[in-house]
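Only one structure is covered here, and it is reproduced in the block below.
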Amino acid sequence: MILDIKNLSKIFGKTCDMCLDETGAKPNSSICPKCKSIVGVNRVNLSLYKGEVLGIVGESGSGKSTLLQLIYQDVKASEGEIFIKHFKDKEGKTKNILDANLNELGDLRNSIMSMIYQNPRLGLNYQFSAGGNIAEKIICSGVKNYKMIRERALYFLDKTEIPNSRIDDYPEYFSGGQQQRIQISKALSSNPKILLLDEPTTGLDLSVQAKILDLIKELQHEIGFSMVVVSHDLGVIKHLTDITVVMKNGQIVERGLTDQVLEDPQHPYTQLLVSSIL
Amino acid sequence: MTYGFLDEEAKKEIRRSILKAIAIPGYIVSFASRELPIARGWGTGGLQVTLAIINESDTLKVIDQGCDGSVNAVNIRNFIKSVTKVKTTFSTKEASIIQTRHRIPEQELQEGQILVYQVPMPDILETVEPNTAKQKIMHANADYSKLWVLLYEDTSLFGDSRISNRYPVLVENRYAMDPSPIPKYDTLKLNNNKALQLFGAGREKKIYALPPYTKVEPLKFEDKEFLVENFEGKVCKRCKSSQSFLDELYNDDGSTSYYCNDTDYCDTYKEGKL
């Protein structure tokens, strides 16, 4: 098991003892009736094996992106535990990444996990060239050899079909789809064990969407990292993932193999979701 | 008036900051920068450090860009002399405290000497990250990737770093440090220096330090050479030395000649005492 999430919760605002019990899919609300706090993620349990691709679907506000941010530590969780196989304490036991100190956190984000955001502006630094952006991630993972950095940056740009001659151009001179591909190159350049994707193709036109999805899938097969994909687009989920969980009001209401969940949805909310595909 | 212009409490506070800075080489320590008869940004950081550590047995030398005779150096030297009654000198060898702006003396410093730098901007991360709160987190995390990316971009576009002065250095493989705007030529002299090196930034209210024999390395890629200014084939017109950092000066007819930047070195070399 590469990623193991236990009872993970995120509450925005002050907390009371009713927050987690009185919100969720059944009460059909994310707002605690007593203290009015918003529960983003409500006692989520998840596990992911090596090379597996997990999809998270759900309507907007269901806590998909928050869950991803909790894993990548962009947002601090309120309670719960996250274990990653490669993240161990001094005795060699896997350690809860919520207890990671600043240095360990850097290591975690630089060499164990990578995140691809919906908006390339969040994942790229526009002050740096395309190559510089990729170099940043490679340098963070500990490589201080110019030739190696340059070659690796070129390799990943090549993989994502960005012409090598454009390595020193700045991200703003690329199209939206190309910027997204640079972001993918950057995320992959540190050889992560887990790749987190937050709506990677939303906002791109269909042909570019298909290209990027094919690319991600191909690289995943080739390199063999595990992935967590958040999307509200069931097409993307179907195309990319092995297993799927459905979220509603911060809770997981259904989980299973992707084709099973999409062909034979059990939970009323999943049925609604699947039947509303255009 | 108390000895050394500053009152005893102020000196105590500055000394305490200096001690902390020495204890953590390269780490930036805040201090309460005092008002002085010269404006902030004109060497008040170095001046306060000097005033806090100086006593009657010291011999003081003040240089500005290697020169004992420039306005800033003369004024600061005269001021310190008037409030401390210490002996002053132009000689690098004789001085026990050398206050400097933007140069490290050409002659090798010795144990027991103290080199005090006047620093305009104390944090090297300021060149890549404007937010001071983020700079602190980056230092805490030893996250200097942005400095490295700057180096990477310069290397990929121009073949080498474009930084000519204030070249980022790593202290004991931990803190990235601003060596003040000394030329790249001087960067290697920071390493394993026998003298105590103190850095004061008055306007920015910061002090940092390098104890004697500290490992200081310029930021560079493993597979790249660290290149400094090259004066090959040029000699100082006055002392004929070819081993020093040279200034290029224009003559009236438009031609150029070269002179030592360090005036004491030039004098000593000319007298044949080196």
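Here's how to read the names in the structure tokens: chain A, B, ... by the order shown, residue numbers from 1 in each chain, ligand numbers from 1 in the order shown.
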>> According to DSSP computed on the backbone, where in region 5-133 of chain B is there strand (DSSP E)? Give the residues as JSON, numbers by chain.
In response: {"B": [29, 30, 59, 60, 61, 62, 63, 64, 87, 88, 97, 98, 99, 100, 101, 114, 115, 116, 117, 118]}
> Counting only C-alpha atoms, which residues from chain A have an atom at most 8 Å from any atom of chain B, and could you show them as a count of residues only?
Replying inline: 17
>> Please return, as number ranges by chain, all residues of region 2-221 of chain A that DSSP assigns to alpha helix (DSSP H) on the basis of the backbone.
In response: A: 19-22, 64-72, 102-107, 120-123, 130-140, 146-159, 176-188, 206-221
> Leaving out Lys194 (chain B) and any residue of its chain fewer than 5 positions from it, which residues lie within 9 Å of it when counting only C-alpha atoms, given as a PyMOL selection string?
Replying inline: chain B and resi 108-113+211-214
>> So that I can check the surroundings of region 32-38 of chain B, please list as a PyMOL selection string every protein, DNA and RNA residue that reaches within 7 Å of it, counting only C-alpha atoms and ignoring chain neighbours fewer than 4 positions away.
In response: chain B and resi 42+202+205
Would you save the residues from that selection as an mmCIF file, in the first residue's frame, using N, CA and C atoms?
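The result, written out as result16.cif:
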data_model
loop_
_atom_site.group_PDB
_atom_site.id
_atom_site.type_symbol
_atom_site.label_atom_id
_atom_site.label_comp_id
_atom_site.auth_asym_id
_atom_site.auth_seq_id
_atom_site.Cartn_x
_atom_site.Cartn_y
_atom_site.Cartn_z
ATOM 1 N N TRP B 42 24.327 54.565 4.684
ATOM 2 C CA TRP B 42 25.662 55.080 4.405
ATOM 3 C C TRP B 42 26.704 54.388 5.278
ATOM 4 N N GLY B 202 22.600 48.515 8.720
ATOM 5 C CA GLY B 202 21.948 49.466 9.624
ATOM 6 C C GLY B 202 20.528 49.781 9.230
ATOM 7 N N LYS B 205 18.546 46.730 9.768
ATOM 8 C CA LYS B 205 18.569 46.291 11.178
ATOM 9 C C LYS B 205 18.947 44.813 11.324
#
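For the residues B:Ile22, B:Ala195, B:Leu274, B:Met121, ranking by smallest atom-to-atom distance to Ile98 (chain B) using only C-alpha atoms places B:Ala195 first.
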>> When you look at Glu248 (chain B) with a cut-off of 12 Å (counting only C-alpha atoms), what residues show up, excluding the ones that are within fewer than 4 positions of it in the same chain? I need them as a VMD selection string.
In response: chain B and resid 231 234 to 237 254 to 261
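Atom pair CA of Pro183 (chain B) / CA of Leu246 (chain B) has a distance of 11.1 Å (rounded to one decimal).
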> How many Å lie between CA of Ile212 (chain A) and CA of Arg181 (chain A), rounded to one decimal?
Replying inline: 7.2 Å
> CA of Tyr269 (chain A) and CA of Ile11 (chain A) are how many Å apart?
Replying inline: 22.9 Å
>> List as a ChimeraX atom specification the protein and nucleic acid residues near region 13-21 of chain B, meaning an atom at most 7 Å away when only C-alpha atoms are counted, but skip any in the same chain fewer than 3 places from it.
In response: /B:9-10,24-25,27-29,31,49,52,207-209
>> I'd like the neighbourhood of Gly51 (chain A) as a list in words, where a residue qualifies if any of its atoms comes within 12 Å (using only C-alpha atoms), though same-chain residues fewer than 2 positions away should be ignored.
In response: Met1, Ile2, Leu3, Leu48, Tyr49, Val53, Leu54, Pro192, Lys193, Ile194, Leu195, Lys217, Leu219, Gln220, His221, Glu222, Ile223, Gly224, Phe225, Ser226, Met227, Val228, Thr241, Asp242 and Ile243 of chain A
Residues just named, written with N, CA and C atoms as a PDB file, in the first residue's frame:
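Heads up, here's the output in out_18.pdb:
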ATOM      1  N   MET A   1       0.846  -1.203   0.000  1.00  0.00           N
ATOM      2  CA  MET A   1       0.000   0.000   0.000  1.00  0.00           C
ATOM      3  C   MET A   1       0.878   1.249   0.000  1.00  0.00           C
ATOM      4  N   ILE A   2       0.621   2.123  -0.933  1.00  0.00           N
ATOM      5  CA  ILE A   2       1.506   3.281  -1.051  1.00  0.00           C
ATOM      6  C   ILE A   2       0.937   4.503  -0.317  1.00  0.00           C
ATOM      7  N   LEU A   3      -0.365   4.622  -0.331  1.00  0.00           N
ATOM      8  CA  LEU A   3      -1.008   5.755   0.345  1.00  0.00           C
ATOM      9  C   LEU A   3      -2.159   5.230   1.183  1.00  0.00           C
ATOM     10  N   LEU A  48      -4.423   3.344  -1.426  1.00  0.00           N
ATOM     11  CA  LEU A  48      -4.009   3.314  -2.828  1.00  0.00           C
ATOM     12  C   LEU A  48      -2.786   2.418  -2.920  1.00  0.00           C
ATOM     13  N   TYR A  49      -2.781   1.532  -3.915  1.00  0.00           N
ATOM     14  CA  TYR A  49      -1.638   0.636  -4.087  1.00  0.00           C
ATOM     15  C   TYR A  49      -0.734   1.132  -5.202  1.00  0.00           C
ATOM     16  N   VAL A  53      -4.525   3.846 -10.113  1.00  0.00           N
ATOM     17  CA  VAL A  53      -5.039   5.184 -10.384  1.00  0.00           C
ATOM     18  C   VAL A  53      -6.410   5.330  -9.753  1.00  0.00           C
ATOM     19  N   LEU A  54      -6.509   6.292  -8.858  1.00  0.00           N
ATOM     20  CA  LEU A  54      -7.755   6.502  -8.125  1.00  0.00           C
ATOM     21  C   LEU A  54      -8.437   7.759  -8.636  1.00  0.00           C
ATOM     22  N   PRO A 192       8.228  11.331  -9.027  1.00  0.00           N
ATOM     23  CA  PRO A 192       7.393  11.159  -7.833  1.00  0.00           C
ATOM     24  C   PRO A 192       6.818   9.753  -7.755  1.00  0.00           C
ATOM     25  N   LYS A 193       6.497   9.355  -6.526  1.00  0.00           N
ATOM     26  CA  LYS A 193       5.852   8.063  -6.332  1.00  0.00           C
ATOM     27  C   LYS A 193       4.344   8.211  -6.472  1.00  0.00           C
ATOM     28  N   ILE A 194       3.852   9.395  -6.103  1.00  0.00           N
ATOM     29  CA  ILE A 194       2.417   9.646  -6.195  1.00  0.00           C
ATOM     30  C   ILE A 194       2.195  10.947  -6.952  1.00  0.00           C
ATOM     31  N   LEU A 195       1.322  10.909  -7.935  1.00  0.00           N
ATOM     32  CA  LEU A 195       0.997  12.117  -8.683  1.00  0.00           C
ATOM     33  C   LEU A 195      -0.439  12.504  -8.364  1.00  0.00           C
ATOM     34  N   LYS A 217      -1.693   9.075 -19.264  1.00  0.00           N
ATOM     35  CA  LYS A 217      -1.896   7.638 -19.187  1.00  0.00           C
ATOM     36  C   LYS A 217      -0.644   6.891 -19.645  1.00  0.00           C
ATOM     37  N   LEU A 219       2.469   8.003 -19.746  1.00  0.00           N
ATOM     38  CA  LEU A 219       3.569   8.182 -18.794  1.00  0.00           C
ATOM     39  C   LEU A 219       3.347   7.331 -17.556  1.00  0.00           C
ATOM     40  N   GLN A 220       2.086   7.216 -17.151  1.00  0.00           N
ATOM     41  CA  GLN A 220       1.777   6.429 -15.968  1.00  0.00           C
ATOM     42  C   GLN A 220       2.125   4.960 -16.208  1.00  0.00           C
ATOM     43  N   HIS A 221       1.802   4.470 -17.401  1.00  0.00           N
ATOM     44  CA  HIS A 221       2.144   3.088 -17.748  1.00  0.00           C
ATOM     45  C   HIS A 221       3.651   2.902 -17.791  1.00  0.00           C
ATOM     46  N   GLU A 222       4.318   3.914 -18.348  1.00  0.00           N
ATOM     47  CA  GLU A 222       5.754   3.808 -18.565  1.00  0.00           C
ATOM     48  C   GLU A 222       6.519   3.892 -17.245  1.00  0.00           C
ATOM     49  N   ILE A 223       6.172   4.871 -16.423  1.00  0.00           N
ATOM     50  CA  ILE A 223       6.937   5.126 -15.197  1.00  0.00           C
ATOM     51  C   ILE A 223       6.362   4.355 -14.012  1.00  0.00           C
ATOM     52  N   GLY A 224       5.050   4.188 -14.001  1.00  0.00           N
ATOM     53  CA  GLY A 224       4.447   3.354 -12.982  1.00  0.00           C
ATOM     54  C   GLY A 224       4.171   4.012 -11.643  1.00  0.00           C
ATOM     55  N   PHE A 225       3.994   5.337 -11.645  1.00  0.00           N
ATOM     56  CA  PHE A 225       3.635   6.000 -10.385  1.00  0.00           C
ATOM     57  C   PHE A 225       2.149   5.787 -10.098  1.00  0.00           C
ATOM     58  N   SER A 226       1.754   6.001  -8.847  1.00  0.00           N
ATOM     59  CA  SER A 226       0.339   5.953  -8.491  1.00  0.00           C
ATOM     60  C   SER A 226      -0.259   7.334  -8.705  1.00  0.00           C
ATOM     61  N   MET A 227      -1.553   7.379  -8.970  1.00  0.00           N
ATOM     62  CA  MET A 227      -2.182   8.674  -9.241  1.00  0.00           C
ATOM     63  C   MET A 227      -3.483   8.828  -8.495  1.00  0.00           C
ATOM     64  N   VAL A 228      -3.764  10.065  -8.099  1.00  0.00           N
ATOM     65  CA  VAL A 228      -5.087  10.408  -7.605  1.00  0.00           C
ATOM     66  C   VAL A 228      -5.610  11.510  -8.515  1.00  0.00           C
ATOM     67  N   THR A 241      -8.844   6.170 -14.792  1.00  0.00           N
ATOM     68  CA  THR A 241      -8.707   5.547 -13.473  1.00  0.00           C
ATOM     69  C   THR A 241      -9.087   4.073 -13.423  1.00  0.00           C
ATOM     70  N   ASP A 242      -8.549   3.393 -12.401  1.00  0.00           N
ATOM     71  CA  ASP A 242      -8.893   1.994 -12.136  1.00  0.00           C
ATOM     72  C   ASP A 242     -10.021   1.908 -11.123  1.00  0.00           C
ATOM     73  N   ILE A 243      -9.878   2.707 -10.050  1.00  0.00           N
ATOM     74  CA  ILE A 243     -10.917   2.684  -9.026  1.00  0.00           C
ATOM     75  C   ILE A 243     -11.448   4.103  -8.818  1.00  0.00           C
TER      76      ILE A 243
END
